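Undergrad: Below is model_28.csv; it holds CSV, C-alpha atoms.
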chain,number,residue,atom,x,y,z
A,1,MET,CA,-0.5,-17.1,7.2
A,2,ILE,CA,2.3,-19.1,5.7
A,3,VAL,CA,5.6,-17.3,6.4
A,4,ALA,CA,8.4,-17.5,3.9
A,5,ASP,CA,11.8,-15.9,3.6
A,6,LYS,CA,13.7,-14.8,0.5
A,7,LYS,CA,16.2,-17.1,-1.0
A,8,PRO,CA,19.7,-15.7,-1.7
A,9,ILE,CA,19.8,-14.4,-5.2
A,10,GLU,CA,22.9,-16.5,-5.9
A,11,GLU,CA,20.9,-19.6,-5.2
A,12,ILE,CA,18.1,-18.6,-7.6
A,13,ILE,CA,20.7,-17.7,-10.3
A,14,GLU,CA,22.1,-21.2,-9.9
A,15,GLU,CA,18.7,-22.7,-10.3
A,16,VAL,CA,17.8,-20.9,-13.6
A,17,LYS,CA,21.2,-20.2,-15.2
A,18,ASN,CA,20.7,-22.6,-18.1
A,19,ASN,CA,17.3,-21.2,-19.1
A,20,GLU,CA,16.6,-18.5,-21.7
A,21,LYS,CA,13.0,-17.6,-21.1
A,22,ILE,CA,12.1,-17.3,-17.5
A,23,LEU,CA,8.8,-16.3,-15.8
A,24,ILE,CA,9.0,-14.8,-12.3
A,25,LEU,CA,5.7,-15.7,-10.7
A,26,GLY,CA,4.6,-14.0,-7.5
A,27,CYS,CA,1.6,-14.6,-5.2
A,28,ASN,CA,-0.7,-11.9,-3.8
A,29,GLU,CA,-1.4,-13.8,-0.5
A,30,CYS,CA,0.7,-14.8,2.5
A,31,VAL,CA,4.1,-14.2,0.8
A,32,THR,CA,3.1,-10.7,-0.1
A,33,VAL,CA,2.3,-9.9,3.6
A,34,CYS,CA,5.6,-11.3,4.7
A,35,GLU,CA,7.4,-9.4,1.9
A,36,ALA,CA,9.0,-12.4,0.3
A,37,GLY,CA,7.0,-13.2,-2.8
A,38,GLY,CA,4.6,-10.4,-3.7
A,39,LYS,CA,4.5,-8.1,-6.7
A,40,LYS,CA,7.3,-5.9,-5.4
A,41,GLU,CA,9.6,-8.8,-4.8
A,42,VAL,CA,8.8,-10.2,-8.3
A,43,GLY,CA,10.0,-6.8,-9.6
A,44,VAL,CA,13.2,-6.8,-7.6
A,45,LEU,CA,14.1,-10.4,-8.5
A,46,ALA,CA,13.3,-9.9,-12.2
A,47,SER,CA,15.3,-6.7,-12.3
A,48,ALA,CA,18.3,-8.3,-10.6
A,49,LEU,CA,18.2,-11.4,-12.9
A,50,ARG,CA,17.9,-9.2,-16.0
A,51,MET,CA,21.0,-7.3,-15.0
A,52,TYR,CA,22.8,-10.5,-14.0
A,53,PHE,CA,22.3,-12.2,-17.3
A,54,LEU,CA,23.0,-9.0,-19.3
A,55,ASN,CA,26.3,-8.7,-17.4
A,56,GLN,CA,27.1,-12.3,-18.3
A,57,SER,CA,26.4,-11.4,-22.0
A,58,LYS,CA,23.5,-13.9,-22.0
A,59,GLU,CA,20.2,-13.0,-23.8
A,60,VAL,CA,17.6,-14.1,-21.3
A,61,LYS,CA,13.9,-13.0,-21.4
A,62,ILE,CA,12.6,-12.4,-17.9
A,63,ASP,CA,8.9,-11.6,-17.4
A,64,GLU,CA,6.9,-10.8,-14.3
A,65,ILE,CA,3.4,-12.0,-13.3
A,66,THR,CA,1.8,-12.0,-9.9
A,67,LEU,CA,-1.2,-14.2,-9.4
A,68,GLU,CA,-3.9,-13.7,-6.8
A,69,ARG,CA,-3.0,-17.1,-5.4
A,70,GLN,CA,-0.9,-20.1,-6.5
A,71,CYS,CA,-2.8,-22.7,-4.5
A,72,ASP,CA,-6.1,-22.7,-6.4
A,73,HIS,CA,-6.7,-24.0,-9.9
A,74,GLU,CA,-8.6,-21.0,-11.3
A,75,TYR,CA,-5.7,-18.6,-10.6
A,76,LEU,CA,-3.1,-20.9,-12.1
A,77,GLU,CA,-5.2,-21.3,-15.2
A,78,GLU,CA,-4.8,-17.6,-15.8
A,79,ILE,CA,-1.3,-18.2,-17.2
A,80,ARG,CA,-2.0,-21.3,-19.3
A,81,ASP,CA,-2.0,-19.2,-22.5
A,82,VAL,CA,1.4,-17.8,-21.9
A,83,MET,CA,3.2,-20.8,-20.3
A,84,ASP,CA,4.5,-22.1,-23.6
A,85,GLN,CA,6.6,-18.9,-23.9
A,86,TYR,CA,8.9,-19.9,-21.0
A,87,ASP,CA,11.6,-22.5,-20.4
A,88,ALA,CA,11.3,-22.2,-16.6
A,89,VAL,CA,9.3,-20.5,-13.9
A,90,VAL,CA,10.6,-19.2,-10.6
A,91,SER,CA,7.7,-19.3,-8.3
A,92,ILE,CA,8.1,-17.0,-5.3
A,93,ALA,CA,5.0,-18.3,-3.6
A,94,CYS,CA,5.2,-20.8,-0.7
A,95,GLY,CA,6.1,-24.4,-1.3
A,96,VAL,CA,2.5,-25.1,-1.8
A,97,GLY,CA,2.3,-22.8,-4.8
A,98,VAL,CA,5.5,-24.1,-6.3
A,99,GLN,CA,4.2,-27.7,-6.1
A,100,PHE,CA,0.8,-26.9,-7.4
A,101,MET,CA,2.4,-25.1,-10.3
A,102,ALA,CA,4.6,-28.1,-11.0
A,103,GLU,CA,1.5,-30.4,-10.9
A,104,LYS,CA,-0.4,-28.2,-13.3
A,105,TYR,CA,2.4,-27.4,-15.7
A,106,HIS,CA,4.0,-30.8,-15.8
A,107,SER,CA,6.5,-30.2,-18.6
A,108,THR,CA,7.9,-26.8,-17.4
A,109,PRO,CA,10.5,-26.7,-14.6
A,110,ILE,CA,9.2,-24.7,-11.6
A,111,TYR,CA,11.9,-23.4,-9.3
A,112,PRO,CA,11.4,-22.1,-5.8
A,113,GLY,CA,12.4,-18.5,-5.1
A,114,VAL,CA,11.6,-18.4,-1.4
A,115,ASP,CA,12.2,-20.7,1.6
A,116,THR,CA,8.9,-21.5,3.2
A,117,CYS,CA,9.3,-21.4,6.9
A,118,PHE,CA,6.1,-21.8,9.1
A,119,LEU,CA,2.5,-20.8,9.9
A,120,GLY,CA,2.8,-17.6,11.8
A,121,VAL,CA,2.0,-14.0,12.5
A,122,THR,CA,3.4,-10.5,11.8
A,123,GLU,CA,4.5,-9.4,15.3
A,124,GLU,CA,5.8,-6.2,13.7
A,125,ARG,CA,7.1,-5.3,10.3
A,126,GLY,CA,10.1,-7.5,9.6
A,127,LEU,CA,9.4,-9.8,12.4
A,128,TRP,CA,7.3,-13.0,11.9
A,129,THR,CA,6.9,-15.7,14.5
A,130,GLU,CA,5.5,-19.2,14.5
A,131,ARG,CA,2.1,-19.9,16.0
A,132,CYS,CA,0.8,-23.1,14.5
A,133,GLN,CA,2.2,-26.5,13.3
A,134,ALA,CA,-1.0,-27.6,11.7
A,135,CYS,CA,-1.1,-30.8,13.8
A,136,GLY,CA,-4.7,-31.5,12.7
A,137,HIS,CA,-6.3,-31.6,16.1
A,138,CYS,CA,-6.5,-28.2,17.8
A,139,ILE,CA,-6.1,-28.2,21.6
A,140,LEU,CA,-6.1,-24.4,22.1
A,141,ALA,CA,-9.4,-24.6,24.0
A,142,SER,CA,-7.7,-26.2,26.9
A,143,THR,CA,-4.4,-24.2,26.8
A,144,GLY,CA,-5.7,-20.7,27.1
A,145,GLY,CA,-5.3,-20.1,23.3
A,146,ILE,CA,-1.5,-20.7,23.4
A,147,CYS,CA,-0.2,-23.7,21.5
A,148,PRO,CA,2.3,-25.9,23.2
A,149,ILE,CA,2.8,-27.9,20.0
A,150,ALA,CA,4.0,-24.9,18.0
A,151,ARG,CA,5.6,-22.9,20.8
A,152,CYS,CA,7.2,-25.4,23.1
A,153,ALA,CA,10.4,-26.9,21.8
A,154,LYS,CA,9.5,-30.3,23.2
A,155,ARG,CA,5.8,-30.1,22.4
A,156,VAL,CA,5.2,-30.9,26.0
A,157,LEU,CA,1.4,-31.3,26.7
A,158,ASN,CA,1.6,-31.1,30.5
A,159,GLY,CA,4.3,-28.5,31.1
A,160,PRO,CA,6.4,-26.8,31.8
A,161,CYS,CA,9.5,-29.0,31.7
A,162,GLY,CA,12.5,-28.5,33.9
A,163,GLY,CA,14.2,-26.3,31.3
A,164,SER,CA,11.8,-23.4,32.0
A,165,ALA,CA,13.5,-20.5,33.9
A,166,LYS,CA,12.2,-17.1,34.5
A,167,GLY,CA,9.5,-17.6,31.9
A,168,LYS,CA,12.1,-18.4,29.2
A,169,CYS,CA,13.0,-21.7,27.4
A,170,GLU,CA,16.3,-23.4,28.0
A,171,ILE,CA,17.1,-23.6,24.3
A,172,ASP,CA,17.2,-19.8,23.9
A,173,LYS,CA,16.8,-17.1,26.5
A,174,GLU,CA,14.8,-15.0,24.0
A,175,ILE,CA,12.2,-17.7,23.5
A,176,ASP,CA,9.2,-17.6,25.9
A,177,CYS,CA,8.4,-20.8,27.7
A,178,ALA,CA,5.0,-21.7,26.1
A,179,TRP,CA,3.8,-23.2,29.4
A,180,GLN,CA,4.7,-20.0,31.3
A,181,LEU,CA,2.5,-18.2,28.7
A,182,ILE,CA,-0.3,-20.7,29.1
A,183,ILE,CA,-0.2,-20.4,32.9
A,184,ASP,CA,-0.2,-16.6,32.8
A,185,ARG,CA,-3.1,-16.6,30.4
A,186,LEU,CA,-5.1,-19.1,32.3
A,187,GLU,CA,-4.5,-17.0,35.4
A,188,ALA,CA,-5.7,-13.9,33.6
A,189,LEU,CA,-8.8,-15.8,32.5
A,190,ASP,CA,-9.4,-17.0,36.1
A,191,ARG,CA,-9.2,-20.6,34.8
A,192,LEU,CA,-6.0,-21.7,36.5
A,193,ASP,CA,-7.8,-24.7,37.9
A,194,GLU,CA,-7.9,-26.1,34.3
A,195,TYR,CA,-4.1,-26.2,34.4
A,196,GLU,CA,-4.4,-29.0,37.0
A,197,ALA,CA,-6.3,-31.2,34.6
A,198,LEU,CA,-3.9,-33.7,32.9
A,199,CYS,CA,-3.9,-33.5,29.1
A,200,PRO,CA,-4.5,-37.0,27.7
A,201,LEU,CA,-2.2,-38.6,25.1
A,202,LYS,CA,-2.5,-36.7,21.8
A,203,ASP,CA,-3.6,-38.5,18.7
A,204,TRP,CA,-0.7,-37.8,16.4
A,205,SER,CA,-2.3,-39.6,13.5
A,206,THR,CA,-3.7,-36.2,12.3
A,207,ASP,CA,-0.2,-34.8,12.3
A,208,ARG,CA,2.5,-35.7,9.8
A,209,ALA,CA,2.8,-39.2,11.5
A,210,GLY,CA,-0.1,-40.3,9.3
A,211,GLY,CA,1.7,-39.2,6.1
A,212,PRO,CA,0.5,-36.5,3.7
A,213,ARG,CA,-2.9,-35.3,4.9
A,214,LYS,CA,-6.2,-34.3,3.3
A,215,VAL,CA,-9.4,-32.7,4.3
A,216,VAL,CA,-12.5,-34.1,2.6
A,217,ARG,CA,-15.7,-32.0,2.9
A,218,GLU,CA,-18.5,-33.8,1.0
A,219,ASP,CA,-20.9,-31.1,2.1
A,220,VAL,CA,-19.2,-28.5,-0.1
A,221,GLN,CA,-18.1,-30.8,-2.9
A,222,GLN,CA,-19.7,-30.4,-6.3
B,1,MET,CA,25.0,30.6,-3.4
B,2,ARG,CA,24.8,29.4,-7.0
B,3,LEU,CA,27.4,26.6,-6.3
B,4,GLN,CA,28.4,24.4,-9.2
B,5,TYR,CA,28.3,20.6,-9.0
B,6,PRO,CA,29.1,17.9,-11.6
B,7,SER,CA,26.6,18.4,-14.5
B,8,ASN,CA,26.3,14.6,-15.1
B,9,ILE,CA,24.2,14.2,-12.0
B,10,LYS,CA,20.5,14.0,-12.6
B,11,ILE,CA,18.4,15.0,-9.6
B,12,ILE,CA,15.1,13.1,-9.0
B,13,LEU,CA,12.9,14.9,-6.5
B,14,ILE,CA,10.9,12.8,-4.1
B,15,PRO,CA,8.8,14.0,-1.1
B,16,CYS,CA,10.8,12.0,1.4
B,17,THR,CA,13.6,9.5,1.0
B,18,GLY,CA,11.2,7.0,2.7
B,19,LYS,CA,9.6,6.9,-0.8
B,20,VAL,CA,12.8,5.3,-2.2
B,21,ASP,CA,12.3,1.7,-3.0
B,22,VAL,CA,14.9,-1.0,-3.8
B,23,LEU,CA,13.2,-1.4,-7.1
B,24,TYR,CA,13.8,2.3,-8.0
B,25,ILE,CA,17.5,1.9,-7.4
B,26,LEU,CA,17.7,-1.3,-9.4
B,27,ARG,CA,15.7,0.1,-12.3
B,28,ALA,CA,18.0,3.1,-12.5
B,29,PHE,CA,20.9,0.7,-12.9
B,30,GLU,CA,18.9,-1.4,-15.3
B,31,LYS,CA,18.4,1.7,-17.4
B,32,GLY,CA,22.1,2.4,-17.4
B,33,ALA,CA,22.9,4.7,-14.5
B,34,ASP,CA,26.5,4.4,-13.5
B,35,GLY,CA,25.7,5.2,-9.9
B,36,VAL,CA,22.8,6.2,-7.7
B,37,TYR,CA,22.9,8.0,-4.4
B,38,VAL,CA,20.1,8.9,-2.1
B,39,VAL,CA,20.4,12.2,-0.2
B,40,GLY,CA,18.1,12.3,2.8
B,41,CYS,CA,17.6,14.6,5.8
B,42,LEU,CA,19.9,14.3,8.7
B,43,GLU,CA,19.3,11.3,10.9
B,44,GLY,CA,16.8,12.3,13.6
B,45,ASP,CA,15.5,15.2,11.5
B,46,CYS,CA,13.1,13.3,9.3
B,47,PHE,CA,9.7,15.1,9.1
B,48,PHE,CA,8.1,11.6,8.9
B,49,ASN,CA,10.4,10.4,11.7
B,50,ASN,CA,12.1,7.4,10.0
B,51,GLY,CA,11.9,8.0,6.2
B,52,ASN,CA,15.7,8.4,6.0
B,53,PHE,CA,16.4,5.4,8.1
B,54,ARG,CA,14.1,3.3,5.8
B,55,ALA,CA,15.9,4.7,2.8
B,56,ARG,CA,19.3,3.7,4.2
B,57,LYS,CA,18.1,0.1,4.8
B,58,ARG,CA,16.8,0.0,1.2
B,59,VAL,CA,20.0,1.3,-0.2
B,60,GLU,CA,21.8,-1.4,1.8
B,61,GLN,CA,19.5,-4.0,0.4
B,62,ALA,CA,20.1,-2.7,-3.1
B,63,GLN,CA,23.9,-2.8,-2.5
B,64,LYS,CA,23.7,-6.5,-1.5
B,65,ILE,CA,21.8,-7.3,-4.7
B,66,LEU,CA,24.1,-5.3,-6.9
B,67,ASP,CA,27.1,-7.1,-5.3
B,68,ALA,CA,25.5,-10.5,-5.9
B,69,ILE,CA,24.8,-9.8,-9.6
B,70,GLY,CA,28.3,-8.4,-10.3
B,71,VAL,CA,27.3,-4.7,-10.8
B,72,GLY,CA,28.9,-3.6,-7.6
B,73,GLY,CA,27.1,-2.4,-4.4
B,74,GLU,CA,29.4,0.6,-4.0
B,75,ARG,CA,27.7,2.2,-6.9
B,76,ALA,CA,24.7,2.9,-4.7
B,77,GLN,CA,25.2,5.1,-1.7
B,78,MET,CA,23.2,7.0,1.0
B,79,TYR,CA,24.0,10.4,2.3
B,80,ASN,CA,22.4,12.6,4.9
B,81,LEU,CA,22.5,16.4,5.0
B,82,SER,CA,20.2,19.3,5.8
B,83,SER,CA,18.6,21.5,3.2
B,84,SER,CA,20.8,24.4,4.3
B,85,GLU,CA,24.1,22.6,3.6
B,86,ALA,CA,24.6,23.6,-0.1
B,87,PRO,CA,28.5,23.3,0.2
B,88,ARG,CA,28.1,19.8,1.6
B,89,PHE,CA,25.7,18.9,-1.2
B,90,VAL,CA,28.3,19.9,-3.7
B,91,GLN,CA,31.0,18.1,-1.8
B,92,ILE,CA,28.9,14.9,-1.9
B,93,ALA,CA,28.2,15.3,-5.6
B,94,ILE,CA,31.9,15.6,-6.3
B,95,GLU,CA,32.7,12.7,-4.1
B,96,MET,CA,30.2,10.5,-5.7
B,97,ASP,CA,31.2,11.6,-9.2
B,98,GLU,CA,34.8,10.7,-8.5
B,99,LYS,CA,33.9,7.4,-6.9
B,100,ILE,CA,31.8,6.3,-9.9
B,101,ARG,CA,34.4,7.6,-12.4
B,102,ALA,CA,37.0,5.4,-10.6
B,103,LEU,CA,34.7,2.4,-10.8
B,104,GLY,CA,34.0,3.0,-14.5
B,105,PRO,CA,30.8,2.8,-16.4
B,106,ASN,CA,27.9,0.6,-15.4
B,107,PRO,CA,28.6,-2.8,-16.9
B,108,ILE,CA,24.9,-3.3,-17.7
B,109,LYS,CA,25.0,-0.2,-20.0
B,110,ALA,CA,27.9,-1.7,-22.0
B,111,ALA,CA,26.2,-5.1,-22.1
B,112,LYS,CA,23.0,-3.6,-23.4
B,113,GLN,CA,24.8,-1.7,-26.1
B,114,LYS,CA,26.6,-4.9,-27.1
B,115,ALA,CA,23.3,-6.8,-27.2
B,116,ALA,CA,21.6,-4.1,-29.3
Would you encode the structure as structure tokens?
TA:
Amino acid sequence: MIVADKKPIEEIIEEVKNNEKILILGCNECVTVCEAGGKKEVGVLASALRMYFLNQSKEVKIDEITLERQCDHEYLEEIRDVMDQYDAVVSIACGVGVQFMAEKYHSTPIYPGVDTCFLGVTEERGLWTERCQACGHCILASTGGICPIARCAKRVLNGPCGGSAKGKCEIDKEIDCAWQLIIDRLEALDRLDEYEALCPLKDWSTDRAGGPRKVVREDVQQ
Amino acid sequence: MRLQYPSNIKIILIPCTGKVDVLYILRAFEKGADGVYVVGCLEGDCFFNNGNFRARKRVEQAQKILDAIGVGGERAQMYNLSSSEAPRFVQIAIEMDEKIRALGPNPIKAAKQKAA
């Protein structure tokens, strides 16, 4: 999932302080799971903003809506009828949602309410960690299901590097060396011989090096 | 024991303080409460193991938000005591009552009355 973190309320106040009718727009998907932008967080942010503006003697209307997703046309269309009621929207979906909202509702300012961080997993409640950098060409088949692009600080493809010590990375003793994890996993799979095979140069044109990317699937297009 | 505690304190019963959400605390202030305190079981004595620890974290979250919006985080507090400590319950009630009286009324309440 896409992992996001809450923005400090002071930053959100600074974004919207000159507006009088504000919609707080949540998303029921990834940001709900990482407890940054779901229905509950919409409620908390809206309540805090209402109190802030009241305390400043400003009359500001703050409404709450949480959509199923903010990255698909059909869900964003659900609010078309009410959008003219607002001067601004604080979207607490990921950066994708914020941008798609801005594209769809061109004349309404859309402000981000979360900081979008990475593609990751919930290791435990309150702890999310990165697993994928969406490089566009998956090599997990040859690395025992552990990604050196996302989990190695240097993105080393034939590792480990000299900075690996006791299974940890030199940049932080709490970070596992991705290549140690790969070796341990290949050993557990009894495929350690695959570790000897050199990984060829990676085609980075599918990563950000090629600019903004797109996936075109003519077979499912209408 | 029939002990007396300040009559301005409204008790809201919940099955476990683990049920308390940040939003409950914020909504109480939005509706005009001058202070909110959560009274949970003693730490380590929660029937559900960690309900009171969760409540403490949520009170701390609410305090941060209340500080950020100018209401004052000290208006929300968390206390722990056992169900057999009636005198301690009264002591906490008096302590909280005095603390909130010293802070004055919830500024949101005054702002709402002014706006109306």
Undergrad: May I have the residues of chain B within 8 Å of chain A, counting only C-alpha atoms, written as a PDB file with C-alpha atoms, in the coordinates of the input?
TA:
ATOM      1  CA  VAL B  22      14.900  -1.000  -3.800  1.00  0.00           C
ATOM      2  CA  LEU B  23      13.200  -1.400  -7.100  1.00  0.00           C
ATOM      3  CA  LEU B  26      17.700  -1.300  -9.400  1.00  0.00           C
ATOM      4  CA  ARG B  27      15.700   0.100 -12.300  1.00  0.00           C
ATOM      5  CA  GLU B  30      18.900  -1.400 -15.300  1.00  0.00           C
ATOM      6  CA  ILE B  65      21.800  -7.300  -4.700  1.00  0.00           C
ATOM      7  CA  LEU B  66      24.100  -5.300  -6.900  1.00  0.00           C
ATOM      8  CA  ALA B  68      25.500 -10.500  -5.900  1.00  0.00           C
ATOM      9  CA  ILE B  69      24.800  -9.800  -9.600  1.00  0.00           C
ATOM     10  CA  GLY B  70      28.300  -8.400 -10.300  1.00  0.00           C
ATOM     11  CA  VAL B  71      27.300  -4.700 -10.800  1.00  0.00           C
ATOM     12  CA  PRO B 107      28.600  -2.800 -16.900  1.00  0.00           C
ATOM     13  CA  ILE B 108      24.900  -3.300 -17.700  1.00  0.00           C
ATOM     14  CA  ALA B 111      26.200  -5.100 -22.100  1.00  0.00           C
ATOM     15  CA  LYS B 112      23.000  -3.600 -23.400  1.00  0.00           C
ATOM     16  CA  ALA B 115      23.300  -6.800 -27.200  1.00  0.00           C
TER      17      ALA B 115
END
Undergrad: What is the atom CA of Glu77 of chain A to atom CA of Val89 of chain A distance in Å?
TA: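 These atoms are spaced 14.6 Å apart.
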Undergrad: What's around Ile11 of chain B at 12 Å? Count all atoms listed in the file, leave out sequence neighbours fewer than 6 positions away in its own chain, and write the answer as a PyMOL selection string.
TA: chain B and resi 5+36-39+89+93
Undergrad: What is the atom CA of Glu68 of chain A-atom CA of His106 of chain A distance in Å, reported with one decimal?
TA: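 Rounded to one decimal, the two atoms are 20.9 Å apart.
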Undergrad: Select, from A:Ile183, A:Cys147, A:Leu140, A:Ile92, the residue with the minimum atom-to-atom distance to Ile65 of chain A, counting all atoms listed in the file.
TA: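 Under the stated criterion, the closest residue is A:Ile92.
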Undergrad: Between atom CA of Cys177 of chain A and atom CA of Gly145 of chain A, measure the distance and give it in Å to one decimal.
TA: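 Between atom CA of Cys177 of chain A and atom CA of Gly145 of chain A the gap works out to 14.4 Å.
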Undergrad: Could you list, as JSON, numbers by chain, every residue within 8 Å of Ala178 of chain A, counting only C-alpha atoms and ignoring same-chain residues fewer than 5 positions away?
TA: {"A": [146, 147, 148, 151, 152, 160]}
Undergrad: Have a look at A:Ile22, A:Leu189, A:Val31, A:Ala141 and name the one nearest to Gly120 of chain A; count all atoms listed in the file.
TA: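 Going through A:Ile22, A:Leu189, A:Val31, A:Ala141 one by one, the smallest distance to Gly120 of chain A is for A:Val31.
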Undergrad: Determine, counting only C-alpha atoms, which protein, DNA and RNA residues have an atom within 8 Å of an atom of Asn106 of chain B; residues of the same chain fewer than 3 positions away are not included. Present the result as a ChimeraX atom specification.
TA: /B:29,32-35,71,109-110
Undergrad: Hey, which of B:Lys99, B:Arg88, B:Arg2, B:Arg75 ends up closest to Ala62 of chain B? Count only C-alpha atoms.
TA: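 Going through B:Lys99, B:Arg88, B:Arg2, B:Arg75 one by one, the smallest distance to Ala62 of chain B is for B:Arg75.
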